[in-house]
Amino acid sequence: MRPRAGASAREGRGTAEDAVSRIDAVLSPQAPVLWYLRLGERLGGSPFATGTLAFALLLAVYLAAGMIRLPPAPGTEAGESTGTALFFALTLSFLLGAATSIFRGAQRDLDALADPDADALPAALDAAGAEPADAVERVRPWRETLTRYPRGAMWTVSALGVATGTMHDFALGGAVAALAAGEVPSTTITAASASTIALWILMFQLASPLMRNAVLFSRIGESVRIDLFNLRRLTPFARTALRPTLVIIAIQAAYPLLWLGPESGARGDSLIGLLASLIVVVGLFFLPMRGIRRNVAATRRAAVERLDARLAELWRRRPLADPVDAARRSPTPRGCSSSVASSGGSRTGPSGRRARAACCSTSSFRR
């Protein structure tokens with residue numbers, strides 16, 4: 001069955017009510033607010049203030065641990081770890097500060113879609129007979145879900161972050177590898193190892209809710225109303241995809257700080273985090289746009305099919321001309337004389353006129 005326009009123009013997606021049921025399946029409006037968002041709100045809700053404070057605190061920790069020494073002595077452990085300390089201070093503080101912008105920005109994008117003037121709410125709300133004010137209230141759980149995450153799932157992703165960070169530090173030959181070999185790591189190595197594990201935990205705690213939000217926007221995009229002459233109102237989907245990917249790309253730009261030491265370099269074990277973040281970037285960019293892309297494509301196909309059906313109907317209703325009259329008004333095509341002669345009729349008699357008309361009609365179709 002070909003997709004139809006409107007609420008049912010979805011490739012095998014079922015009714016509009018089913019689409020909203022798919023949205024409700026990923027909701028968790030009663031879950032706790034993400035801890036880094038609560039931290040940002042306690043600090044005034046300013047991403048810059050949150051990031052700056054976190055950066056200052058991390059620098060103080062690294063100074064106390066001996067990772068940074070001013071001025072750094074060349075060839076010493078502290079001198080070689082200065083770039084590492086700057087990397088972790090920048091990435092951890094930037095993620096904590098940018099988290100507020102990412103998740104609150106997603107809420108603003110959903111508000112733009114839920115605005116009655118935008119006329120872009122899922123068509124299932126129309127099917128339910130919802131008024132504009134009721135429709136905005138209907139999407140309130142969607143808005144709350146964007147900044148919340150179930151406690152059990154958060155503990156699970158945190159454990160995954162600890163496991164991944166531990167394996168990564170072991171591959172780097174950090175404190176985990178030293179403890180496994182029965183050695184006591186230095187304070188500098190311990191601080192670097194703890195930062196590696198903390199960064200993996202924070203990345204998991206950010207990436208998991210962001211992926212869930214990407215799935216939510218993808219399913220909203222499957223049922224949103226499409227106006228092919230006004231696609232600009234769908235820009236909230238693009239903003240939701242771009243905002244977190246740009247933040248992670250900015251984090252990736254800090255990786256050269258790890259290679260500032262005299263014995264450092266772009267080793268394979270130091271590129272593990274870079275490659276993992278690249279996978280997250282691809283997912284966060286394409287997943288929110290998946291539903292709206294399919295929706296727009298299905299709506300375009302439906303519009304073309306309606307136009308094609310209308311043209312076919314007009315073609316069937318066109319007035320048909322009399323072949324004899326058409327033949328009289330057009331010159332005799334080449335080859336008609338021989339056809340008439342071979343048919344045994346004269347060029348001036350009734351049978352000759354009929355043969356000549358049939359020949360002209362056939363020649364017209366062939367051209």
# chains A, B, ... in the order shown; residues from 1 in each chain; ligands from 1

call {"tool": "residues_around", "arguments": {"residues": "range 203-210 of chain A", "least_positions_apart": "6", "cutoff": "7 Å", "atoms": "only C-alpha atoms", "output": "MDAnalysis selection string"}}
result
chainID A and resid 149 154 157:158 161

call {"tool": "closest_residue", "arguments": {"among": "A:Ala65, A:Leu278, A:Phe48, A:Leu43", "to": "Thr187 in chain A", "atoms": "only C-alpha atoms"}}
result
A:Ala65

call {"tool": "select_by_dssp", "arguments": {"residues": "range 166-280 of chain A", "states": "helix (DSSP H, G or I)", "output": "VMD selection string"}}
result
chain A and resid 166 to 172 175 to 180 187 to 223 231 to 252 255 to 259 269 to 280

call {"tool": "atom_distance", "arguments": {"atom1": "CA of Arg243 in chain A", "atom2": "CA of Thr91 in chain A"}}
result
16.4 Å
